[in-house]
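*Asks:* Coordinates in coords23.txt, compact mmCIF, C-alpha atoms, are listed below.
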# COMPACT_ATOMS: atom_id res chain seq x y z
CA MET A 9 24.43 149.71 128.39
CA ILE A 10 25.92 147.05 126.08
CA ARG A 11 28.48 149.53 124.72
CA PHE A 12 29.29 150.64 128.26
CA PHE A 13 29.76 147.02 129.35
CA PHE A 14 32.13 146.17 126.50
CA SER A 15 34.16 149.33 127.02
CA ARG A 16 34.65 148.39 130.68
CA LEU A 17 35.40 144.79 129.68
CA VAL A 18 38.14 145.87 127.27
CA SER A 19 39.63 148.19 129.91
CA GLY A 20 39.55 145.38 132.45
CA LEU A 21 41.26 142.92 130.09
CA LEU A 22 44.01 145.47 129.40
CA VAL A 23 44.54 145.92 133.13
CA VAL A 24 44.77 142.15 133.67
CA ALA A 25 47.19 141.83 130.74
CA GLY A 26 49.38 144.52 132.27
CA VAL A 27 49.31 142.74 135.62
CA VAL A 28 50.34 139.47 133.93
CA VAL A 29 53.38 141.14 132.35
CA VAL A 30 54.44 142.96 135.52
CA VAL A 31 53.97 139.93 137.75
CA PHE A 32 55.90 137.64 135.43
CA LEU A 33 58.83 140.03 135.07
CA LEU A 34 58.88 140.83 138.78
CA PHE A 35 59.04 137.24 139.96
CA ASN A 36 61.53 136.16 137.32
CA VAL A 37 64.15 138.80 138.10
CA LEU A 38 64.01 138.47 141.89
CA PRO A 39 67.12 136.98 143.50
CA GLY A 40 66.85 133.47 144.86
CA ASP A 41 66.73 130.00 143.38
CA PRO A 42 63.50 128.01 143.91
CA ALA A 43 65.35 124.81 142.98
CA ARG A 44 67.60 125.16 146.01
CA MET A 45 64.56 125.77 148.20
CA VAL A 46 63.11 122.50 146.89
CA LEU A 47 66.30 120.47 147.33
CA GLY A 48 67.88 122.31 150.25
CA GLN A 49 70.89 124.61 150.36
CA ARG A 50 73.35 121.69 150.22
CA ALA A 51 72.04 120.32 146.94
CA ASP A 52 74.62 119.56 144.24
CA LEU A 53 74.73 121.60 141.05
CA ALA A 54 73.55 118.74 138.81
CA SER A 55 70.38 118.22 140.85
CA VAL A 56 69.66 121.95 140.83
CA GLU A 57 69.99 122.03 137.02
CA VAL A 58 67.61 119.08 136.69
CA ILE A 59 64.96 120.82 138.83
CA ASN A 60 65.37 124.10 136.95
CA ARG A 61 64.96 122.21 133.66
CA GLU A 62 61.83 120.54 134.99
CA LEU A 63 60.44 123.93 136.11
CA GLY A 64 61.32 125.50 132.77
CA ARG A 65 63.61 128.07 134.37
CA ASP A 66 66.53 127.13 132.11
CA LEU A 67 64.82 128.68 129.07
CA PRO A 68 65.32 132.29 127.90
CA LEU A 69 63.05 134.81 129.60
CA ALA A 70 61.07 135.46 126.41
CA SER A 71 60.37 131.75 125.95
CA GLN A 72 59.30 131.44 129.59
CA PHE A 73 56.86 134.33 129.11
CA VAL A 74 55.33 132.79 125.98
CA LEU A 75 54.83 129.49 127.81
CA TYR A 76 53.33 131.29 130.81
CA VAL A 77 50.82 133.19 128.65
CA ASN A 78 50.03 129.92 126.87
CA ASP A 79 49.21 128.38 130.25
CA LEU A 80 47.00 131.30 131.28
CA SER A 81 45.17 131.57 127.99
CA PRO A 82 41.81 129.75 127.71
CA VAL A 83 42.96 128.55 124.26
CA SER A 84 46.42 126.94 124.23
CA VAL A 85 48.55 125.02 121.76
CA LEU A 86 50.56 121.97 122.82
CA ASN A 87 53.17 120.05 120.87
CA VAL A 88 52.16 116.40 120.42
CA VAL A 89 55.07 114.40 119.05
CA ASP A 90 54.56 110.97 120.62
CA SER A 91 52.00 108.84 122.43
CA THR A 92 53.16 110.05 125.86
CA SER A 93 52.52 113.73 125.10
CA ARG A 94 49.18 112.76 123.51
CA VAL A 95 48.19 111.07 126.78
CA TYR A 96 49.16 114.25 128.65
CA ALA A 97 46.94 116.29 126.33
CA ASP A 98 44.02 113.88 126.69
CA SER A 99 44.25 113.74 130.46
CA GLY A 100 44.80 117.42 131.05
CA LYS A 101 47.92 116.73 133.09
CA TYR A 102 48.88 120.39 133.15
CA GLY A 103 45.41 121.84 133.77
CA SER A 104 41.65 121.30 133.40
CA TRP A 105 40.90 120.72 129.73
CA LEU A 106 37.43 121.23 128.24
CA THR A 107 38.11 120.01 124.70
CA VAL A 108 41.17 118.88 122.72
CA THR A 109 41.47 119.13 118.92
CA TYR A 110 44.48 117.55 117.16
CA ILE A 111 46.00 119.32 114.16
CA GLY A 112 49.04 117.44 112.94
CA GLU A 113 51.66 117.44 115.68
CA HIS A 114 49.80 120.03 117.74
CA ALA A 115 46.84 119.92 120.09
CA VAL A 116 44.57 122.96 120.34
CA VAL A 117 43.12 122.94 123.85
CA LEU A 118 40.13 124.82 125.22
CA LYS A 119 40.72 124.95 128.96
CA TYR A 120 40.54 126.79 132.22
CA PRO A 121 43.52 129.11 132.89
CA PHE A 122 46.37 127.02 134.28
CA LEU A 123 48.28 128.76 137.07
CA ARG A 124 50.95 126.04 137.09
CA ARG A 125 51.97 123.90 140.03
CA SER A 126 53.56 124.74 143.36
CA TYR A 127 57.32 124.36 143.42
CA GLN A 128 57.15 122.91 146.92
CA THR A 129 54.07 120.64 146.97
CA ARG A 130 53.54 120.08 143.20
CA GLU A 131 49.83 120.79 143.74
CA ASN A 132 47.79 122.70 141.19
CA VAL A 133 48.00 126.39 142.17
CA GLY A 134 44.41 127.00 141.10
CA ALA A 135 43.18 124.26 143.43
CA MET A 136 45.28 125.65 146.30
CA LEU A 137 43.86 129.14 145.80
CA MET A 138 40.26 127.89 145.57
CA ASP A 139 40.78 125.98 148.81
CA ALA A 140 42.03 129.13 150.57
CA LEU A 141 39.64 131.60 148.92
CA PRO A 142 36.53 130.89 151.08
CA GLY A 143 38.39 131.91 154.24
CA THR A 144 39.45 135.22 152.68
CA ILE A 145 35.96 135.94 151.34
CA VAL A 146 34.33 135.20 154.72
CA LEU A 147 36.81 137.49 156.46
CA SER A 148 36.40 140.29 153.89
CA VAL A 149 32.60 140.15 153.88
CA SER A 150 32.38 140.12 157.68
CA ALA A 151 34.82 143.06 157.92
CA LEU A 152 32.82 144.99 155.31
CA LEU A 153 29.53 144.36 157.13
CA PHE A 154 31.09 145.42 160.42
CA ALA A 155 32.50 148.60 158.85
CA ALA A 156 29.26 149.46 157.04
CA ILE A 157 26.89 148.94 159.99
CA PHE A 158 28.95 150.70 162.63
CA GLY A 159 30.41 153.27 160.21
CA ILE A 160 27.02 154.48 159.01
CA GLY A 161 25.64 154.49 162.55
CA LEU A 162 28.54 156.50 163.96
CA GLY A 163 28.50 158.83 160.95
CA ILE A 164 24.82 159.64 161.53
CA LEU A 165 25.48 160.19 165.23
CA SER A 166 28.42 162.46 164.45
CA ALA A 167 26.35 164.54 162.02
CA LEU A 168 23.46 164.92 164.50
CA TYR A 169 25.80 166.17 167.22
CA LYS A 170 28.02 168.30 164.99
CA GLY A 171 30.58 170.32 166.97
CA LYS A 172 29.77 168.62 170.28
CA VAL A 173 31.82 166.23 172.37
CA ALA A 174 30.38 163.10 170.75
CA ASP A 175 31.17 164.43 167.28
CA ARG A 176 34.76 165.30 168.17
CA PHE A 177 35.31 161.94 169.87
CA ILE A 178 33.99 160.00 166.85
CA LEU A 179 36.13 162.08 164.46
CA PHE A 180 39.19 161.44 166.64
CA LEU A 181 38.56 157.69 166.53
CA SER A 182 38.04 157.72 162.76
CA VAL A 183 41.25 159.66 162.11
CA THR A 184 43.15 157.31 164.40
CA GLY A 185 41.70 154.29 162.60
CA MET A 186 42.87 155.59 159.24
CA SER A 187 46.33 156.41 160.57
CA VAL A 188 47.23 153.08 162.19
CA PRO A 189 48.87 150.57 159.79
CA SER A 190 46.97 147.28 159.43
CA PHE A 191 49.84 145.05 160.55
CA PHE A 192 50.42 147.12 163.69
CA ALA A 193 46.70 147.18 164.48
CA GLY A 194 46.57 143.41 164.02
CA ILE A 195 49.44 142.80 166.43
CA LEU A 196 47.97 145.22 168.99
CA VAL A 197 44.45 143.74 168.80
CA ALA A 198 45.74 140.15 168.99
CA TRP A 199 47.94 140.94 172.01
CA LEU A 200 45.33 142.99 173.88
CA PHE A 201 42.18 140.89 173.36
CA GLY A 202 43.74 137.49 172.72
CA TYR A 203 46.45 137.53 175.40
CA VAL A 204 46.08 140.26 178.02
CA MET A 205 42.27 140.05 178.24
CA ASN A 206 41.94 136.38 177.32
CA ASP A 207 40.32 135.48 180.65
CA TRP A 208 37.45 137.92 179.93
CA THR A 209 37.13 137.62 176.15
CA GLY A 210 37.86 133.92 175.73
CA LEU A 211 39.41 134.76 172.33
CA GLU A 212 42.67 133.32 170.99
CA MET A 213 45.50 135.25 169.37
CA THR A 214 45.60 132.99 166.32
CA GLY A 215 43.22 130.58 164.67
CA SER A 216 41.27 129.91 161.50
CA LEU A 217 37.61 129.46 160.67
CA THR A 218 37.88 125.67 160.66
CA GLU A 219 39.83 123.58 163.12
CA ILE A 220 40.54 119.86 163.32
CA ASP A 221 39.22 118.16 166.42
CA PRO A 222 40.66 114.67 167.15
CA PHE A 223 37.18 113.38 168.01
CA ASP A 224 34.74 115.49 165.96
CA GLY A 225 36.94 116.08 162.90
CA SER A 226 36.73 119.43 161.10
CA ARG A 227 34.49 122.01 162.77
CA TYR A 228 33.82 125.73 162.55
CA LYS A 229 35.12 128.03 165.25
CA TRP A 230 33.39 131.35 164.64
CA SER A 231 35.02 133.05 167.63
CA ASN A 232 38.30 133.13 165.68
CA LEU A 233 36.60 135.46 163.18
CA ILE A 234 36.04 138.28 165.69
CA LEU A 235 39.55 139.75 166.07
CA PRO A 236 40.60 139.65 162.38
CA THR A 237 37.22 141.13 161.40
CA LEU A 238 37.67 143.95 163.89
CA THR A 239 41.20 144.67 162.66
CA LEU A 240 40.44 144.47 158.93
CA GLY A 241 37.32 146.62 159.31
CA ILE A 242 38.94 149.51 161.20
CA ARG A 243 40.12 151.45 158.15
CA PRO A 244 36.96 151.17 155.99
CA LEU A 245 34.88 151.95 159.10
CA SER A 246 36.84 155.17 159.60
CA VAL A 247 36.34 156.20 155.97
CA ILE A 248 32.61 155.38 156.06
CA VAL A 249 32.13 157.41 159.27
CA GLN A 250 33.56 160.58 157.75
CA LEU A 251 31.87 160.04 154.38
CA THR A 252 28.46 159.49 156.01
CA ARG A 253 28.89 162.52 158.25
CA SER A 254 29.88 164.93 155.46
CA SER A 255 27.25 163.61 153.04
CA LEU A 256 24.45 163.81 155.62
CA LEU A 257 25.43 167.36 156.65
CA GLU A 258 25.40 168.42 153.00
CA VAL A 259 21.95 166.91 152.40
CA MET A 260 20.54 168.42 155.62
CA ALA A 261 21.33 171.88 154.25
CA GLN A 262 19.17 171.37 151.14
CA ASP A 263 15.92 173.25 150.52
CA TYR A 264 13.68 170.18 150.51
CA ILE A 265 14.83 169.34 154.04
CA ARG A 266 13.71 172.77 155.24
CA THR A 267 10.40 172.18 153.44
CA ALA A 268 9.94 168.84 155.22
CA ARG A 269 10.56 170.51 158.57
CA ALA A 270 8.14 173.30 157.69
CA LYS A 271 5.44 170.68 157.14
CA GLY A 272 5.74 169.73 160.79
CA LEU A 273 7.58 166.41 160.39
CA SER A 274 9.63 165.23 163.35
CA GLU A 275 13.40 165.43 163.18
CA TRP A 276 13.72 161.65 163.03
CA ALA A 277 11.21 161.48 160.17
CA VAL A 278 13.14 164.16 158.28
CA ILE A 279 16.46 162.35 158.77
CA PHE A 280 15.44 158.76 158.10
CA GLY A 281 12.60 159.46 155.69
CA HIS A 282 14.20 162.10 153.49
CA ALA A 283 17.83 162.97 154.18
CA LEU A 284 19.43 159.58 154.78
CA GLN A 285 18.24 158.02 151.53
CA ASN A 286 20.07 160.62 149.43
CA ALA A 287 23.04 160.88 151.76
CA LEU A 288 23.86 157.17 151.49
CA ASN A 289 24.39 157.12 147.70
CA PRO A 290 28.12 157.96 147.81
CA VAL A 291 28.52 155.81 150.93
CA LEU A 292 27.13 152.72 149.19
CA THR A 293 29.44 153.33 146.23
CA ALA A 294 32.44 153.53 148.56
CA ILE A 295 31.37 150.34 150.38
CA SER A 296 31.10 148.38 147.14
CA GLY A 297 34.53 149.60 146.08
CA TRP A 298 36.11 148.58 149.37
CA PHE A 299 35.50 144.86 148.88
CA GLY A 300 38.37 144.40 146.44
CA SER A 301 40.66 146.41 148.72
CA LEU A 302 39.79 144.17 151.65
CA LEU A 303 40.66 141.06 149.65
CA ALA A 304 44.13 142.49 149.05
CA GLY A 305 44.49 144.00 152.53
CA ALA A 306 43.70 140.69 154.21
CA VAL A 307 47.25 139.50 153.50
CA PHE A 308 48.80 141.01 156.64
CA ILE A 309 45.76 140.32 158.82
CA GLU A 310 45.64 136.64 157.87
CA TYR A 311 49.35 136.25 158.57
CA VAL A 312 49.16 137.95 161.98
CA PHE A 313 46.14 135.93 163.12
CA GLY A 314 47.13 132.65 161.45
CA TRP A 315 43.92 132.75 159.41
CA LYS A 316 43.76 130.22 156.58
CA GLY A 317 43.21 132.25 153.44
CA VAL A 318 44.83 133.54 150.28
CA GLY A 319 46.89 136.09 152.21
CA LYS A 320 48.56 133.57 154.51
CA LEU A 321 49.07 131.19 151.60
CA THR A 322 50.83 133.98 149.68
CA VAL A 323 53.15 134.97 152.54
CA ASP A 324 54.09 131.33 153.20
CA ALA A 325 54.81 130.89 149.48
CA LEU A 326 57.03 133.99 149.44
CA GLU A 327 59.12 132.60 152.27
CA MET A 328 59.73 129.42 150.23
CA TYR A 329 60.27 131.18 146.85
CA ASP A 330 57.16 129.38 145.61
CA PHE A 331 56.62 131.85 142.78
CA PRO A 332 53.67 130.15 140.97
CA VAL A 333 51.55 130.41 144.13
CA VAL A 334 52.43 134.07 144.64
CA MET A 335 51.88 134.93 140.98
CA GLY A 336 48.54 133.08 140.97
CA SER A 337 47.29 134.88 144.07
CA VAL A 338 48.27 138.31 142.71
CA LEU A 339 46.52 137.58 139.42
CA MET A 340 43.41 136.32 141.19
CA VAL A 341 43.16 139.44 143.38
CA SER A 342 43.66 141.68 140.33
CA VAL A 343 40.83 139.89 138.49
CA PHE A 344 38.59 140.42 141.53
CA PHE A 345 39.46 144.13 141.49
CA VAL A 346 38.58 144.42 137.80
CA LEU A 347 35.28 142.53 138.15
CA ILE A 348 34.19 144.50 141.21
CA ASN A 349 35.06 147.84 139.60
CA MET A 350 33.14 146.85 136.48
CA ALA A 351 30.10 145.91 138.55
CA VAL A 352 30.26 149.16 140.55
CA ASP A 353 30.62 151.29 137.39
CA MET A 354 27.65 149.63 135.72
CA LEU A 355 25.52 149.77 138.85
CA TYR A 356 26.32 153.45 139.38
CA ALA A 357 25.61 154.26 135.74
CA ARG A 358 22.30 152.44 136.02
CA LEU A 359 21.13 154.01 139.28
CA ASP A 360 22.36 157.58 138.82
CA PRO A 361 20.87 159.28 135.72
CA ARG A 362 23.51 162.01 135.96
CA VAL A 363 26.18 159.50 134.92
CA LYS A 364 26.42 159.25 131.15
CA MET A 365 27.10 155.69 130.04
CA GLU A 366 28.76 156.94 126.88
Can you give me the file's structure in the form of structure tokens?
*Replies:*
Amino acid sequence: MIRFFFSRLVSGLLVVAGVVVVVFLLFNVLPGDPARMVLGQRADLASVEVINRELGRDLPLASQFVLYVNDLSPVSVLNVVDSTSRVYADSGKYGSWLTVTYIGEHAVVLKYPFLRRSYQTRENVGAMLMDALPGTIVLSVSALLFAAIFGIGLGILSALYKGKVADRFILFLSVTGMSVPSFFAGILVAWLFGYVMNDWTGLEMTGSLTEIDPFDGSRYKWSNLILPTLTLGIRPLSVIVQLTRSSLLEVMAQDYIRTARAKGLSEWAVIFGHALQNALNPVLTAISGWFGSLLAGAVFIEYVFGWKGVGKLTVDALEMYDFPVVMGSVLMVSVFFVLINMAVDMLYARLDPRVKME
């Protein structure tokens, strides 16, 4: 298990390193000048050059990449040539330092990865992402629970009534759910339930988990979670329905199921006591793998519903050419993907003896 863990860890680190390179190159060759977005389109050339120098965008691309990796690395080296730069190193001005060791004119820093600062607000990108992350996690978890509960239930129902009207209707809905793009489904759901049927549903087209009340201050508004959860959960629900149906039908054709029926057990006892336990193994694996996808797929849903999360933060940053925020969010989602895939691989290797950990 230890060898298996380290092999997955090395693979995950290579994936993250590749994402770092691709993200850096992508957002440094895109057209557009963040300095002009900060100062406005009528800014003079001298002011633009000053901002670009402050942002480090006047350096060669290779030098910018080395500095970016130095910021992301948990161990970084800073030049310390005067008392001012020493104060910066001591205070952790450019990140959250754990320890600082001085070696001549350099400071070796053990720190958290520094995702830089927003071009627009000058806030720490890591702090901005951590502030938006809870909203995305709540939305993803609720969508996954919705998809798992209703997907497994409809899949069982479809398998029990194979070839009948109920089965065909459920399959039609699942195929439709997989075919509709998320952004279109979000617009349709928001318009139908938040506008057309607002008098009956009482739901709003847009809104976040927390809202500011002038008298009560910040408060939770859980009703705003319903429509984005429904929209984000449509696609995984459709996949889970078909996966549960096919897996249960395959298990029901096994010899031990016929033996259980021959013993005189009721059909419900055969299904829920014997068949379902084995049929859900691939379904549970698929559900665990969907969590990372939902974190990434929440981008469009959050933007459509005005939901405060990493997705909306990323889209707003793209509109303002706020590249550090976009790069930080992409890196964070990629790390989540790697960690979740590692956990799923290890869990599957542990639970299923047919999987060789070597």
*Asks:* Quick one: everything within 7 Å of region 305-312 of chain A, counting only C-alpha atoms, minus sequence neighbours fewer than 3 positions away in the same chain. Send it as a list in words.
*Replies:*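 Residues near the query, excluding close chain neighbours: Phe191, Gly194, Ile195, Pro236, Leu240, Ser301, Leu302, Trp315, Lys316, Gly317, Gly319 and Lys320 of chain A.
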*Asks:* Work out how far apart CA of Leu67 (chain A) and CA of Thr129 (chain A) are and give it in Å to one decimal.
*Replies:*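 Those two atoms sit 22.4 Å apart.
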*Asks:* May I ask which of the residues A:Ile164, A:Met213, A:Ala304, A:Ser342 is the closest one to Ser255 (chain A), counting only C-alpha atoms?
*Replies:*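 Checking each of A:Ile164, A:Met213, A:Ala304, A:Ser342 against Ser255 (chain A), counting only C-alpha atoms, the winner is A:Ile164.
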*Asks:* Hey, which of A:Gly185, A:Pro142, A:Gly161, A:Pro82 ends up closest to Phe122 (chain A)? Count all atoms listed in the file.
*Replies:*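 That would be A:Pro82, the residue with the smallest distance to Phe122 (chain A).
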*Asks:* May I ask which of the residues A:Val333, A:Ala115, A:Ile220, A:Ala283 is the closest one to Met136 (chain A), counting all atoms listed in the file?
*Replies:*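 Counting all atoms listed in the file, the residue closest to Met136 (chain A) is A:Val333.
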*Asks:* With all atoms listed in the file counted and 10 Å as the cut-off, give the residues of region 210-293 of chain A in contact with region 203-206 of chain A, each with its shortest interatomic distance in Å and the pair that gives it, as a Markdown table.
*Replies:*
| residue | atom | partner | partner_atom | distance |
| --- | --- | --- | --- | --- |
| A:Gly210 | CA | A:Asn206 | CA | 5.0 |
| A:Leu211 | CA | A:Asn206 | CA | 5.8 |
| A:Glu212 | CA | A:Asn206 | CA | 7.1 |
| A:Met213 | CA | A:Tyr203 | CA | 6.5 |
*Asks:* Any idea what the distance is between CA of Leu123 (chain A) and CA of Val346 (chain A)?
*Replies:*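 Interatomic distance here is 18.4 Å.
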*Asks:* As an exercise, work out the distance from CA of Gly26 (chain A) to CA of Phe13 (chain A) in Å and give it to one decimal place.
*Replies:*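 Here the two named atoms are 20.0 Å from each other.
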*Asks:* Would you mind telling me which residue in A:Thr218, A:Ser81, A:Gln250, A:Ser148 lies nearest to Leu162 (chain A) when using only C-alpha atoms?
*Replies:*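 Checking each of A:Thr218, A:Ser81, A:Gln250, A:Ser148 against Leu162 (chain A), counting only C-alpha atoms, the winner is A:Gln250.
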*Asks:* List as an NGL selection string the protein and nucleic acid residues near region 290-293 of chain A, meaning an atom at most 7 Å away when only C-alpha atoms are counted, but skip any in the same chain fewer than 3 places from it.
*Replies:* :A and (248 or 251-252 or 296-297)
*Asks:* For C-alpha atoms, I'd like the residues from the last selection saved as an mmCIF file, keeping the file's coordinate frame.
*Replies:*
data_model
loop_
_atom_site.group_PDB
_atom_site.id
_atom_site.type_symbol
_atom_site.label_atom_id
_atom_site.label_comp_id
_atom_site.auth_asym_id
_atom_site.auth_seq_id
_atom_site.Cartn_x
_atom_site.Cartn_y
_atom_site.Cartn_z
ATOM 1 C CA ILE A 248 32.610 155.380 156.060
ATOM 2 C CA LEU A 251 31.870 160.040 154.380
ATOM 3 C CA THR A 252 28.460 159.490 156.010
ATOM 4 C CA SER A 296 31.100 148.380 147.140
ATOM 5 C CA GLY A 297 34.530 149.600 146.080
#
*Asks:* Between A:Ala294, A:Leu347, A:Ile178, A:Leu245, which is the closest to Ala156 (chain A) once you count only C-alpha atoms?
*Replies:*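 Nearest candidate to Ala156 (chain A) out of A:Ala294, A:Leu347, A:Ile178, A:Leu245: A:Leu245.
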*Asks:* If we count only C-alpha atoms, what is near Ser166 (chain A) at a cut-off of 8 Å, once residues fewer than 4 positions away on the same chain are taken out, given as a list in words?
*Replies:*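 In the requested form, the answer reads Leu162, Lys170, Ala174, Asp175, Arg176, Ile178, Leu179 and Arg253 of chain A.
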*Asks:* Using all atoms listed in the file, can you tell me which of A:Val28, A:Leu257, A:Val343, A:Leu147 comes closest to Asn78 (chain A)?
*Replies:*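 Among A:Val28, A:Leu257, A:Val343, A:Leu147, it is A:Val28 that comes nearest to Asn78 (chain A).
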*Asks:* As a short mmCIF file (atom, residue, chain, number, x, y, z; two decimals), in the coordinates of the input, could you write out region 226-247 of chain A once it has been completed with N, CA and C atoms?
*Replies:*
data_model
loop_
_atom_site.label_atom_id
_atom_site.label_comp_id
_atom_site.auth_asym_id
_atom_site.auth_seq_id
_atom_site.Cartn_x
_atom_site.Cartn_y
_atom_site.Cartn_z
N SER A 226 36.73 118.01 161.44
CA SER A 226 36.73 119.43 161.10
C SER A 226 35.46 120.10 161.63
N ARG A 227 35.63 121.27 162.24
CA ARG A 227 34.49 122.01 162.77
C ARG A 227 34.77 123.50 162.66
N TYR A 228 33.69 124.28 162.63
CA TYR A 228 33.82 125.73 162.55
C TYR A 228 34.02 126.32 163.94
N LYS A 229 34.91 127.31 164.00
CA LYS A 229 35.12 128.03 165.25
C LYS A 229 34.96 129.52 164.94
N TRP A 230 33.73 130.00 165.06
CA TRP A 230 33.39 131.35 164.64
C TRP A 230 34.03 132.41 165.54
N SER A 231 34.40 132.06 166.75
CA SER A 231 35.02 133.05 167.63
C SER A 231 36.36 133.54 167.08
N ASN A 232 37.03 132.71 166.27
CA ASN A 232 38.30 133.13 165.68
C ASN A 232 38.11 134.23 164.62
N LEU A 233 36.87 134.45 164.20
CA LEU A 233 36.60 135.46 163.18
C LEU A 233 36.52 136.88 163.77
N ILE A 234 36.33 136.98 165.08
CA ILE A 234 36.04 138.28 165.69
C ILE A 234 37.23 139.25 165.57
N LEU A 235 38.40 138.84 166.04
CA LEU A 235 39.55 139.75 166.07
C LEU A 235 40.04 140.14 164.67
N PRO A 236 40.20 139.20 163.72
CA PRO A 236 40.60 139.65 162.38
C PRO A 236 39.55 140.52 161.70
N THR A 237 38.26 140.27 161.96
CA THR A 237 37.22 141.13 161.40
C THR A 237 37.33 142.54 161.95
N LEU A 238 37.52 142.65 163.25
CA LEU A 238 37.67 143.95 163.89
C LEU A 238 38.87 144.71 163.31
N THR A 239 39.98 144.02 163.15
CA THR A 239 41.20 144.67 162.66
C THR A 239 41.07 145.08 161.20
N LEU A 240 40.56 144.18 160.36
CA LEU A 240 40.44 144.47 158.93
C LEU A 240 39.39 145.54 158.66
N GLY A 241 38.38 145.66 159.53
CA GLY A 241 37.32 146.62 159.31
C GLY A 241 37.57 148.00 159.85
N ILE A 242 38.68 148.20 160.57
CA ILE A 242 38.94 149.51 161.20
C ILE A 242 39.07 150.61 160.16
N ARG A 243 39.88 150.38 159.13
CA ARG A 243 40.12 151.45 158.15
C ARG A 243 38.88 151.78 157.33
N PRO A 244 38.19 150.79 156.71
CA PRO A 244 36.96 151.17 155.99
C PRO A 244 35.91 151.78 156.90
N LEU A 245 35.83 151.35 158.16
CA LEU A 245 34.88 151.95 159.10
C LEU A 245 35.19 153.44 159.28
N SER A 246 36.46 153.77 159.42
CA SER A 246 36.84 155.17 159.60
C SER A 246 36.47 156.02 158.40
N VAL A 247 36.69 155.47 157.19
CA VAL A 247 36.34 156.20 155.97
C VAL A 247 34.82 156.38 155.87
#
